[in-house]
Amino acid sequence: MRWIPEYQPDVERVERFNSVARITHWGHTVTFLLCLFTGLILFLGGVDWLAAIFGGYRGAGLVHRIAAVGMTLMLVFGMLFGFKGYIAWVKDIFRFGMNDVKFISIFPLDFFGLEMKFPPQTRFNGGEKMNSVVLMTMVSLLVLSGYIMWFPSIFPAGLVRFSYPVHDLAMIFSTLMVCMHGFLGSFHLGSGESFWGMWKGTVRADWAKHHHAIWYEETYGDKAKAEAE
Amino acid sequence: MARLMTNLYDVSKCTACRGCLVACKDSNQLPAVMEPFKGNYATHEDTNGNTYTLIRFIEHEDPVDGVRWNFLKYQCMHCLDAECMKVCPKKAYRKTEWGATIHDEDKCIGCQYCTYACPFGIPKYRTRTDTVTKCTLCYERVEEGLKPACVRTCPSGALTFGYRDELLQQAEARVKFLRANGFPRATIYGKLELGSGTNKIYVLTDTPDKFNLPVDPKVSANTWVWQDWIKPYAGWLIPVALGASAVSFVTNRLINKGDDHAKGGHE
Amino acid sequence: MSPAFGRGVMTNHIVDLKNTDVALIMGSNAAENHPITMKWLGEAKRVRGAKIIHVDPRYTRTSVISDLYAPMRSGTDIAFLGGMINYIIQNNLYHKEYVLAYTNASYLIADGYDFKDGLFSGYDAAKRTYDNKTWDYQYEADGTTVLKDPTLTNPRCAFQLMAKHFSRYDIDSVCKITGTPKNKYLEVLKLYTSTGAPNKCGTIMYAMGITQHTVGSQNVKSFANVQLLLGNMGRPGGGVNALRGENNVQGATDMALLFHIIPGYIDSPMNNAANKDLVSYLKAVTPGAAKLPAANMDEFRAAVAAGIPNSGYKVNTSKWVVSLLKSWWGDACTKNNDFAFHYMPKRDAAKNYSHIAMFEAMYKKEIDGLFVMGSNPVVGGPNANKEQTAMCNLKWLVSVDLWLNETAEFWTYEGWERPEKNGKVEQRNPKNIDTEVFFLPACAVYEKEGTAAQTGRWVQYRWKGAEPVGESKSDLWIVDELAKGIKKLYANSTLPQDEPLKNMTWGYGHGEEPEPIAVGLELSGFTVADKKPIASGFGSLKDDGSTACGNWVYCGQMATKPDGSLLYKPMNRDNKDNSKTGLGLYSNWGWAWPVNRRIVYNRCSVQPDGVTAWPGDDARVLIKWDATKVSDPLKPEVVGSWVGDDVCDCVKTAPPDKAVPFLMRPEGTGCFFAAKASFKEGPFPEHYEPWESPQKNLMNKQEFNPAIKVWEPEKQGKVEEYPFVGTTYRVVEHWQTGALTRNLPWLAELMPNMFVEISEELGRLRKIENGDNVIVSTTRGDIEAVACVTKRIKPYIVDGKEVHMVGALWQYGFKGYATGDPANRLTPHVGDANTMIPEYKAWLCDIRRA
């Protein structure tokens with residue numbers, strides 16, 4: 001049984017993510033997971049074994065804070081060196097249209113294995129757009145509420161008190177998304193190829209044409225080529 | 001549950017000598033915190049990691065009563081339904097069977113959830129130990145048959161220690177007396193506050209707001225939503241997501257879509 | 001108080017406050033400075049429904065727990081109380097039977113006595129003193145029996161003269177002077193004078209707010225008059241209760257740490273003809289003895305035995321003095337050498353040796369050395385700038401204290417830092433100060449043993465709780481070593497002037513540490529022949545050299561147990577109340593002087609007949625006359641004795657008509673009219689403004705007390721330049737000059753900075769916000785402090801004008817954790833006419849933002 005599709009360097013490949021986007025993505029992955037697991041220690045309670053991995057509760061607290069700072073730095077890094085990419089990302093999210101609605105509405109059937117016919121998608125499909133919006137919001141909330149909780153004495157007590165449920169809720173929704181995102185982006189049949197897009201930066205051209213038809217046409221299609229000439 | 005034992009603090013007898021503050025520091029071996037005098041006798045603005053109890057000095061003036069200077073000993077109220085206990089992720093808080101809320105510094109990781117969950121804002125973070133800390137109702141002394149240090153030292157008899165039910169009766173008699181003797185708004189505080197009451201009883205000569213006490217102390221809605229809904233229920237979304245992914249993983253492969261699709265292409 | 005009652009002490013004791021019906025706290029911040037009084041007043045409130053009145057220039061922590069608070073401008077106590085006396089007399093609220101039987105109200109006063117324009121008869125304006133010849137009673141032809149008018153209607157009787165004297169103190173005039181709102185004043189009058197009812201007792205509690213004025217003694221006399229009128233003296237829950245500022249200040253005065261007395265409140269001898277030998281000295285100090293023909297001790301002793309008219313119990317003075325001399329010089333004190341009276345140091349009659357006078361002398365380089373023990377004049381002395389400057393003129397200074405306090409380090413740079421170099425104080429450099437300073441570390445109260453006499457005269461032994469820190473030593477050890485060292489220096493001297501030192505008895509214990517109990521024995525007194533303590537008290541002292549007693553008021557504190565060992569009564573610790581009616585006497589806890597009497601003048605707690613309680617007041621009877629009881633089994637022929645829970649304050653076997661209530665007074669009664677030399681400024685209190693006052697005297701033509709000595713006339717601040725009334729006080733968090741408390745972090749953090757309190761109105765006037773730094777200045781100096789702008793202080797409306805007050809803590813200095821400028825840099829070098837207690841409480845100042 002195959003977990004993720006094999007990387008095939010010999011077929012035609014097109015670039016999907018540049019290096020800044022990839023570093024930022026994987027940086028976030030690492031720091032998010034560190035924060036998640038250290039944070040879960042307090043959220044779940046009674047998971048001393050999990051705390052022990054990080055050197056006890058105090059160690060976990062330290063790791064959580066270091067990772068949190070790392071996450072913030074990754075954001076800053078992405079903004080500094082890949083600002084255009086960000087803009088492009090956000091712009092694409094706002095190209096949310098009928099196709100995306102259709103995509104999201106029929107996707108659950110595909111998810112459990114039924115073969116579905118999807119309308120053509122832009123660079124990010126409806127699900128990815130949803131994922132992007134949720135994660136962007138939730139991570140911002142996590143970072144903000146996190147710092148408020150870290151330095152409570154300089155914020156109003158009401159805000160600090162508000163930050164606790166916010167931090168937890170944001171954690172829950174972002175983790176939910178991260179789980180789905182991780183699965184769909186790597187292990188789900190069909191969409192697994194996108195893993196290589198984020199790992200190596202390129203995806204198979206045929207896969208791109210099939211899954212992100214509009215994007216492929218606009219970027220690598222004949223029209224684009226003609227324009228480039 | 002054994003009979004509750006508690007402190008009764010009678011504001012009308014307090015002379016604000018602050019002997020309790022010093023006795024508390026002595027008993028708990030807390031260092032002095034020098035804060036500059038800023039115009040109020042209560043040099044400490046709030047309780048802190050090195051000051052478990054303090055006396056507030058509050059001036060009021062109105063045309064009927066003239067100037068009133070209200071004193072209030074402020075410390076952990078030892079709520080019978082203690083919010084700090086609920087929010088603590090490390091279960092560092094416990095209730096003694098006679099009603100003191102005790103905080104175990106060895107378990108504390110300094111997350112300060114309790115500080116902000118407390119309706120009275122009492123547990124305070126202490127940098128030097130990286131823990132939160134607060135009044136212990138001198139449970140070690142009490143369990144040795146002694147009175148709490150503040151009660152032991154109070155020269156004017158404003159503080160008494162005993163069984164909560166007896167002290168409540170005393171407090172009620174006292175309030176009746178005060179109402180008849182120039183304090184028509186005298187009241188008990190801590191009997192039913194927060195639903196089940198606190199394990200510190202105050203006899204106030206005026207309404208609680210005149211002592212900067214919350215008139216109707218409440219656990220913040222945020223804290224309540226967080227503790228009673230998010231923590232127990234919302235968390236299940238994550239295992240649901242993981243479970244769904246697992247199902248998808250299996251079903252997809254069982255149905256076994258086209259090989260090409262599985263390889264990543266789709267032509 | 002002594003001129004009114006015979007003794008200058010707290011008449012009742014602290015536990016007794018629980019028996020009161022109304023407590024008037026005036027000139028005292030009892031809740032802060034005597035916190036334990038609140039416990040017992042609280043019980044009075046709770047059990048008896050007692051009311052507390054607080055009269056004070058500012059609203060303090062005491063006001064908070066009082067039922068009634070009335071503000072009053074600092075320094076106008078006599079006006080306030082004069083108005084009360086007037087109100088009592090005008091409205092017939094006085095306790096008539098009491099006044100008639102127990103006071104000198106009915107005594108006729110000599111014709112020469114007069115009062116006009118604020119001056120009593122006999123004033124010498126040039127010398128600022130009175131000739132008190134006319135302040136006397138009218139006598140029958142024998143010259144000793146006083147004429148009386150039991151109807152109290154004779155215009156020359158003390159009562160009528162008092163009524164006339166205070167008739168000028170009507171409510172409106174009083175409120176105009178004191179700035180008290182009229183309605184509040186009336187409330188106070190109504191509530192407190194309700195204790196004139198025979199079944200009610202009111203207590204007056206006062207402290208430094210009353211005494212630290214140029215009219216301090218007369219302030220207290222006003223209390224005495226009020227209490228005598230209302231019949232509140234000598235009864236549980238009554239009395240004039242001086243709350244002592246320190247735990248052993250009562251002991252200190254008992255032991256004569258004052259210049260004008262010797263132990264036991266006897267005037268100290270002077271270097272004049274009247275004191276040339278023991279007999280002439282005794283004639284001078286024994287009331288009524290001046291004109292005795294006795295030429296030697298034997299004749300004097302015979303005269304005492306026969307009784308001296310108008311002498312009171314002080315007829316026994318000779319016994320106390322001789323026993324004292326015997327205890328000091330032992331074998332060298334004999335009948336043949338006038339009981340060593342010539343050894344006794346005599347003070348210069350023309351000189352004053354009070355605190356202010358001493359520092360004035362130092363300032364004039366008349367004194368070479370100073371020994372400061374448990375005192376801190378750089379912080380606590382009036383006009384501290386001058387006192388600090390005066391110390392620079394010393395050749396040497398010894399400071400004995402727990403910490404290096406401001407006085408021990410007066411020469412440092414910090415000691416001379418001032419907010420402004422405005423020329424008021426010469427800036428000093430340590431290298432230009434030649435004073436050699438020795439510091440002896442003393443140990444704390446818990447590190448040594450001994451007794452302390454608290455405010456209610458209870459002498460209590462305290463055991464050591466911890467070993468002294470480092471090289472610190474107890475005061476007793478330090479004095480003992482010093483005395484032994486001095487004696488050694490003079491051991492081989494043959495000069496006659498060194499004999500007092502050579503022959504002085506000294507020996508308290510055998511080991512390294514002197515034993516407090518040995519001191520206790522000497523104070524308590526013993527028979528010379530067998531060195532056994534005199535357990536029966538000062539009634540057994542003799543003036544023939546057969547007894548020795550270091551302080552007659554402490555006589556009887558030591559007894560012999562059946563097994564022959566010593567019973568030191570201050571060590572008694574029986575916390576059971578021996579009063580059958582629950583009056584809280586606790587007679588077997590410690591020991592109270594005199595002779596373990598808990599409430600003095602307790603003869604007044606029953607009616608004159610000695611058996612009937614005051615109507616409706618059975619529970620508060622302390623003693624009763626039992627006509628059938630034989631008190632001394634050795635003298636079965638003497639039938640009849642006073643019995644009760646307390647020790648009677650009258651001759652035990654004297655029947656009710658002979659048992660005078662105020663036996664220390666020559667009159668045997670409480671005195672409204674203070675005859676003769678009682679006071680420097682007159683037989684009745686009269687309102688004079690403080691030496692520095694924002695207000696002209698509205699009561700008479702004298703601005704300030706005409707009998708005080710003015711040390712620095714040029715330093716008198718004028719209202720145009722210094723418009724605000726200044727006053728000083730303490731807070732509960734710090735102790736006296738703060739030498740103890742400002743060095744303890746836990747206490748220092750409670751009150752970390754020097755601050756002054758002003759009203760919001762004054763804050764607006766001078767643009768000062770709460771928490772601002774301000775500079776307060778007087779003609780003597782200036783200080784910087786934090787401003788506490790508070791609602792608790794209000795301007796007084798005095799004669800239609802607003803008068804503002806600046807209240808300053810005086811407990812700060814430049815040493816310790818909590819530091820600040822000493823407020824006493826502002827206070828004047830002027831004191832009470834009688835006691836020389838400095839006028840810390842009322843002076844003129846200005847304040848502005850720093």
# chains A, B, ... in the order shown; residues from 1 in each chain; ligands from 1

$ residues_around --residues "range 41-57 of chain A" --least-positions-apart "3" --cutoff "7 Å" --atoms "only C-alpha atoms" --output "VMD selection string"
(chain A and resid 37 to 38 60 to 61) or (chain B and resid 89 to 90 109)

$ write_last_selection --atoms "N, CA and C atoms" --output "PDB file, in the first residue's frame"
ATOM      1  N   PHE A  37       1.938  20.163  20.898  1.00  0.00           N
ATOM      2  CA  PHE A  37       2.125  19.062  21.846  1.00  0.00           C
ATOM      3  C   PHE A  37       2.469  19.575  23.242  1.00  0.00           C
ATOM      4  N   THR A  38       3.249  20.656  23.311  1.00  0.00           N
ATOM      5  CA  THR A  38       3.520  21.197  24.644  1.00  0.00           C
ATOM      6  C   THR A  38       2.259  21.819  25.222  1.00  0.00           C
ATOM      7  N   ALA A  60       8.423  21.856  29.126  1.00  0.00           N
ATOM      8  CA  ALA A  60       7.404  22.004  28.101  1.00  0.00           C
ATOM      9  C   ALA A  60       7.016  23.462  27.936  1.00  0.00           C
ATOM     10  N   GLY A  61       6.905  24.144  29.077  1.00  0.00           N
ATOM     11  CA  GLY A  61       6.563  25.564  29.025  1.00  0.00           C
ATOM     12  C   GLY A  61       7.621  26.340  28.261  1.00  0.00           C
TER      13      GLY A  61
ATOM     14  N   PRO B  89      -4.463  23.616  35.520  1.00  0.00           N
ATOM     15  CA  PRO B  89      -4.233  22.436  34.689  1.00  0.00           C
ATOM     16  C   PRO B  89      -3.424  21.377  35.425  1.00  0.00           C
ATOM     17  N   LYS B  90      -2.759  21.773  36.479  1.00  0.00           N
ATOM     18  CA  LYS B  90      -1.883  20.852  37.192  1.00  0.00           C
ATOM     19  C   LYS B  90      -2.530  20.345  38.466  1.00  0.00           C
ATOM     20  N   ILE B 109       3.056  25.402  37.857  1.00  0.00           N
ATOM     21  CA  ILE B 109       3.995  25.654  36.766  1.00  0.00           C
ATOM     22  C   ILE B 109       3.968  27.109  36.349  1.00  0.00           C
TER      23      ILE B 109
END

$ select_by_dssp --residues "range 107-229 of chain B" --states "helix (DSSP H, G or I)" --output "ChimeraX atom specification"
/B:113-117,139-143,149-153,164-180,208-211,221-229

$ write_last_selection --atoms "N, CA and C atoms" --output "tab-separated table (two decimals), in the first residue's frame"
chain	number	residue	atom	x	y	z
B	113	TYR	N	-3.25	30.77	35.12
B	113	TYR	CA	-4.67	30.67	34.77
B	113	TYR	C	-5.52	31.12	35.95
B	114	CYS	N	-5.13	30.69	37.14
B	114	CYS	CA	-5.90	30.98	38.34
B	114	CYS	C	-5.96	32.47	38.61
B	115	THR	N	-4.84	33.16	38.38
B	115	THR	CA	-4.78	34.59	38.66
B	115	THR	C	-5.95	35.32	38.00
B	116	TYR	N	-6.20	34.90	36.74
B	116	TYR	CA	-7.21	35.65	35.99
B	116	TYR	C	-8.59	35.03	36.08
B	117	ALA	N	-8.63	33.80	36.54
B	117	ALA	CA	-9.94	33.18	36.70
B	117	ALA	C	-10.57	33.63	38.01
B	139	TYR	N	-3.04	26.91	56.90
B	139	TYR	CA	-3.59	25.59	57.19
B	139	TYR	C	-2.65	24.74	58.01
B	140	GLU	N	-1.34	25.00	57.87
B	140	GLU	CA	-0.41	24.21	58.69
B	140	GLU	C	-0.56	24.55	60.16
B	141	ARG	N	-0.72	25.84	60.44
B	141	ARG	CA	-0.93	26.26	61.83
B	141	ARG	C	-2.26	25.70	62.34
B	142	VAL	N	-3.30	25.85	61.50
B	142	VAL	CA	-4.63	25.43	61.93
B	142	VAL	C	-4.65	23.94	62.23
B	143	GLU	N	-3.98	23.18	61.37
B	143	GLU	CA	-4.00	21.73	61.60
B	143	GLU	C	-3.17	21.33	62.82
B	149	ALA	N	-2.05	33.19	61.50
B	149	ALA	CA	-1.16	34.21	62.05
B	149	ALA	C	-1.84	35.57	62.16
B	150	CYS	N	-2.65	35.92	61.16
B	150	CYS	CA	-3.29	37.24	61.19
B	150	CYS	C	-4.27	37.33	62.35
B	151	VAL	N	-4.99	36.26	62.60
B	151	VAL	CA	-5.97	36.26	63.69
B	151	VAL	C	-5.25	36.34	65.03
B	152	ARG	N	-4.16	35.58	65.11
B	152	ARG	CA	-3.40	35.52	66.34
B	152	ARG	C	-2.90	36.90	66.74
B	153	THR	N	-2.58	37.73	65.76
B	153	THR	CA	-1.92	38.99	66.07
B	153	THR	C	-2.90	40.15	66.21
B	164	ARG	N	-17.41	27.91	60.78
B	164	ARG	CA	-18.08	28.85	59.89
B	164	ARG	C	-19.53	29.09	60.31
B	165	ASP	N	-20.22	28.04	60.69
B	165	ASP	CA	-21.63	28.22	61.05
B	165	ASP	C	-21.77	29.12	62.29
B	166	GLU	N	-20.86	28.92	63.26
B	166	GLU	CA	-20.93	29.77	64.46
B	166	GLU	C	-20.59	31.21	64.14
B	167	LEU	N	-19.55	31.37	63.33
B	167	LEU	CA	-19.13	32.72	62.98
B	167	LEU	C	-20.21	33.43	62.17
B	168	LEU	N	-20.92	32.67	61.35
B	168	LEU	CA	-22.00	33.29	60.57
B	168	LEU	C	-23.09	33.82	61.50
B	169	GLN	N	-23.37	33.06	62.55
B	169	GLN	CA	-24.36	33.54	63.52
B	169	GLN	C	-23.87	34.82	64.19
B	170	GLN	N	-22.60	34.79	64.60
B	170	GLN	CA	-22.00	35.99	65.20
B	170	GLN	C	-22.09	37.16	64.26
B	171	ALA	N	-21.75	36.90	63.00
B	171	ALA	CA	-21.73	37.96	62.01
B	171	ALA	C	-23.13	38.54	61.84
B	172	GLU	N	-24.12	37.67	61.84
B	172	GLU	CA	-25.47	38.17	61.66
B	172	GLU	C	-25.90	39.04	62.83
B	173	ALA	N	-25.54	38.59	64.04
B	173	ALA	CA	-25.87	39.39	65.22
B	173	ALA	C	-25.16	40.74	65.14
B	174	ARG	N	-23.93	40.69	64.69
B	174	ARG	CA	-23.13	41.90	64.61
B	174	ARG	C	-23.73	42.88	63.60
B	175	VAL	N	-24.15	42.36	62.47
B	175	VAL	CA	-24.74	43.22	61.44
B	175	VAL	C	-26.01	43.85	61.97
B	176	LYS	N	-26.78	43.08	62.70
B	176	LYS	CA	-28.01	43.61	63.30
B	176	LYS	C	-27.65	44.77	64.23
B	177	PHE	N	-26.63	44.55	65.05
B	177	PHE	CA	-26.18	45.58	65.99
B	177	PHE	C	-25.73	46.82	65.24
B	178	LEU	N	-24.93	46.62	64.20
B	178	LEU	CA	-24.39	47.76	63.47
B	178	LEU	C	-25.50	48.53	62.77
B	179	ARG	N	-26.48	47.79	62.22
B	179	ARG	CA	-27.57	48.48	61.52
B	179	ARG	C	-28.33	49.37	62.48
B	180	ALA	N	-28.40	48.94	63.74
B	180	ALA	CA	-29.13	49.73	64.73
B	180	ALA	C	-28.26	50.83	65.31
B	208	PRO	N	-20.74	46.55	49.78
B	208	PRO	CA	-19.41	46.06	49.37
B	208	PRO	C	-18.68	47.02	48.44
B	209	ASP	N	-19.41	47.74	47.59
B	209	ASP	CA	-18.72	48.63	46.65
B	209	ASP	C	-17.95	49.72	47.37
B	210	LYS	N	-18.39	50.07	48.58
B	210	LYS	CA	-17.68	51.10	49.34
B	210	LYS	C	-16.34	50.56	49.87
B	211	PHE	N	-16.13	49.29	49.69
B	211	PHE	CA	-14.87	48.67	50.11
B	211	PHE	C	-14.10	48.13	48.91
B	221	ALA	N	-17.53	35.20	32.31
B	221	ALA	CA	-18.16	34.34	31.31
B	221	ALA	C	-17.10	33.65	30.47
B	222	ASN	N	-16.03	34.35	30.20
B	222	ASN	CA	-14.94	33.77	29.41
B	222	ASN	C	-14.42	32.51	30.08
B	223	THR	N	-14.17	32.67	31.37
B	223	THR	CA	-13.62	31.55	32.12
B	223	THR	C	-14.60	30.39	32.15
B	224	TRP	N	-15.84	30.76	32.28
B	224	TRP	CA	-16.89	29.76	32.40
B	224	TRP	C	-17.03	28.98	31.09
B	225	VAL	N	-17.10	29.72	29.97
B	225	VAL	CA	-17.21	29.09	28.65
B	225	VAL	C	-15.99	28.20	28.41
B	226	TRP	N	-14.87	28.74	28.75
B	226	TRP	CA	-13.61	28.05	28.53
B	226	TRP	C	-13.55	26.74	29.31
B	227	GLN	N	-13.88	26.86	30.61
B	227	GLN	CA	-13.73	25.70	31.46
B	227	GLN	C	-14.83	24.66	31.26
B	228	ASP	N	-16.07	25.17	31.12
B	228	ASP	CA	-17.20	24.23	31.12
B	228	ASP	C	-17.59	23.75	29.74
B	229	TRP	N	-17.16	24.46	28.69
B	229	TRP	CA	-17.56	24.03	27.35
B	229	TRP	C	-16.36	23.67	26.48

$ residues_around --residues "Ile367 in chain C" --least-positions-apart "4" --cutoff "7 Å" --atoms "only C-alpha atoms" --output "list in words"
Ala361, Met362 and Leu394 of chain C

$ closest_atom_pairs --of "chain C" --to "chain B" --cutoff "10 Å" --atoms "only C-alpha atoms" --output "Markdown table"
| residue | atom | partner | partner_atom | distance |
| --- | --- | --- | --- | --- |
| C:Ala30 | CA | B:Thr15 | CA | 9.7 |
| C:Ala31 | CA | B:Thr15 | CA | 6.0 |
| C:Glu32 | CA | B:Cys17 | CA | 6.5 |
| C:Asn33 | CA | B:Cys17 | CA | 9.3 |
| C:His34 | CA | B:Pro155 | CA | 9.9 |
| C:Pro35 | CA | B:Pro155 | CA | 6.5 |
| C:Ile36 | CA | B:Pro155 | CA | 5.6 |
| C:Thr37 | CA | B:Ser156 | CA | 7.9 |
| C:Met38 | CA | B:Ser156 | CA | 5.4 |
| C:Lys39 | CA | B:Ser156 | CA | 4.1 |
| C:Trp40 | CA | B:Ser156 | CA | 7.9 |
| C:Leu41 | CA | B:Ser156 | CA | 8.9 |
| C:Gly42 | CA | B:Lys13 | CA | 6.9 |
| C:Glu43 | CA | B:Gly157 | CA | 9.2 |
| C:Arg46 | CA | B:Phe177 | CA | 8.7 |
| C:Gly49 | CA | B:Asn181 | CA | 9.2 |
| C:Tyr59 | CA | B:Val67 | CA | 8.4 |
| C:Thr60 | CA | B:Trp69 | CA | 8.5 |
| C:Arg61 | CA | B:Thr15 | CA | 5.9 |
| C:Thr62 | CA | B:Thr15 | CA | 7.1 |
| C:Ser63 | CA | B:Trp69 | CA | 8.8 |
| C:Val64 | CA | B:Trp69 | CA | 6.3 |
| C:Ile65 | CA | B:Ser12 | CA | 6.6 |
| C:Ser66 | CA | B:Ser12 | CA | 9.7 |
| C:Asp67 | CA | B:Gly182 | CA | 8.0 |
| C:Val731 | CA | B:Cys17 | CA | 8.9 |
| C:Val732 | CA | B:Cys17 | CA | 6.0 |
| C:Glu733 | CA | B:Cys17 | CA | 7.0 |
| C:Leu744 | CA | B:Ala32 | CA | 9.1 |
| C:Pro745 | CA | B:Ala32 | CA | 5.5 |
| C:Trp746 | CA | B:Ala32 | CA | 5.2 |
| C:Leu747 | CA | B:Val22 | CA | 7.3 |
| C:Ala748 | CA | B:Met34 | CA | 7.7 |
| C:Glu749 | CA | B:Met34 | CA | 4.9 |
| C:Leu750 | CA | B:Thr43 | CA | 6.1 |
| C:Met751 | CA | B:Thr43 | CA | 6.8 |
| C:Pro752 | CA | B:Pro36 | CA | 6.1 |
| C:Asn753 | CA | B:Phe37 | CA | 5.7 |
| C:Met754 | CA | B:Phe37 | CA | 8.2 |
| C:Phe755 | CA | B:Phe37 | CA | 7.9 |
| C:Val756 | CA | B:Gly39 | CA | 9.3 |
| C:Glu757 | CA | B:Gly39 | CA | 8.8 |
| C:Glu769 | CA | B:Gly39 | CA | 9.1 |
| C:Asn770 | CA | B:Gly39 | CA | 5.4 |
| C:Gly771 | CA | B:Gly39 | CA | 4.6 |
| C:Asp772 | CA | B:Lys38 | CA | 8.0 |
| C:Asn773 | CA | B:Lys38 | CA | 9.8 |
| C:Val786 | CA | B:Gly39 | CA | 7.3 |
| C:Ala787 | CA | B:Gly39 | CA | 6.4 |
| C:Cys788 | CA | B:Gly39 | CA | 4.4 |
| C:Val789 | CA | B:Gly39 | CA | 6.9 |
| C:Thr790 | CA | B:Glu59 | CA | 8.1 |
| C:Lys791 | CA | B:Val67 | CA | 6.8 |
| C:Arg792 | CA | B:Val67 | CA | 6.5 |
| C:Ile793 | CA | B:Val67 | CA | 9.3 |
| C:Lys794 | CA | B:Val67 | CA | 9.9 |
| C:Tyr817 | CA | B:Met34 | CA | 8.7 |
| C:Ala818 | CA | B:Met34 | CA | 8.7 |

$ residues_around --residues "Tyr206 in chain C" --least-positions-apart "5" --cutoff "8 Å" --atoms "only C-alpha atoms" --output "list in words"
Ile25, Met26, Gly27, Ser28, Val240, Asn241, Ala242 and Leu243 of chain C

$ write_last_selection --atoms "N, CA and C atoms" --output "mmCIF file, in the first residue's frame"
data_model
loop_
_atom_site.group_PDB
_atom_site.id
_atom_site.type_symbol
_atom_site.label_atom_id
_atom_site.label_comp_id
_atom_site.auth_asym_id
_atom_site.auth_seq_id
_atom_site.Cartn_x
_atom_site.Cartn_y
_atom_site.Cartn_z
ATOM 1 N N ILE C 25 -11.824 60.610 73.403
ATOM 2 C CA ILE C 25 -10.420 60.536 73.000
ATOM 3 C C ILE C 25 -10.077 61.875 72.384
ATOM 4 N N MET C 26 -9.167 62.568 73.020
ATOM 5 C CA MET C 26 -8.870 63.923 72.563
ATOM 6 C C MET C 26 -7.360 64.108 72.600
ATOM 7 N N GLY C 27 -6.816 64.601 71.515
ATOM 8 C CA GLY C 27 -5.372 64.771 71.477
ATOM 9 C C GLY C 27 -4.661 63.446 71.521
ATOM 10 N N SER C 28 -5.314 62.426 71.000
ATOM 11 C CA SER C 28 -4.676 61.127 70.948
ATOM 12 C C SER C 28 -5.197 60.399 69.731
ATOM 13 N N VAL C 240 -8.903 60.190 84.079
ATOM 14 C CA VAL C 240 -8.170 60.946 83.070
ATOM 15 C C VAL C 240 -6.985 60.075 82.722
ATOM 16 N N ASN C 241 -7.020 59.537 81.533
ATOM 17 C CA ASN C 241 -6.060 58.502 81.210
ATOM 18 C C ASN C 241 -5.027 58.967 80.197
ATOM 19 N N ALA C 242 -3.855 59.246 80.739
ATOM 20 C CA ALA C 242 -2.732 59.648 79.910
ATOM 21 C C ALA C 242 -2.191 58.392 79.252
ATOM 22 N N LEU C 243 -2.296 58.316 77.942
ATOM 23 C CA LEU C 243 -1.746 57.152 77.254
ATOM 24 C C LEU C 243 -0.285 57.451 76.964
#

$ decode --residues "range 652-667 of chain C" --atoms "C-alpha atoms" --output "CSV table (one decimal), in the first residue's frame"
chain,number,residue,atom,x,y,z
C,652,LYS,CA,-7.2,51.4,105.2
C,653,THR,CA,-8.6,51.8,108.7
C,654,ALA,CA,-9.8,55.4,108.3
C,655,PRO,CA,-13.6,55.6,108.7
C,656,PRO,CA,-15.5,57.1,105.7
C,657,ASP,CA,-15.6,60.6,107.0
C,658,LYS,CA,-11.8,60.6,107.5
C,659,ALA,CA,-10.9,58.6,104.4
C,660,VAL,CA,-10.1,61.4,102.0
C,661,PRO,CA,-10.4,60.4,98.3
C,662,PHE,CA,-7.3,62.3,97.0
C,663,LEU,CA,-4.9,61.6,99.8
C,664,MET,CA,-1.9,62.8,97.9
C,665,ARG,CA,-3.3,66.3,97.8
C,666,PRO,CA,-2.9,68.5,100.8
C,667,GLU,CA,-6.6,69.3,100.5
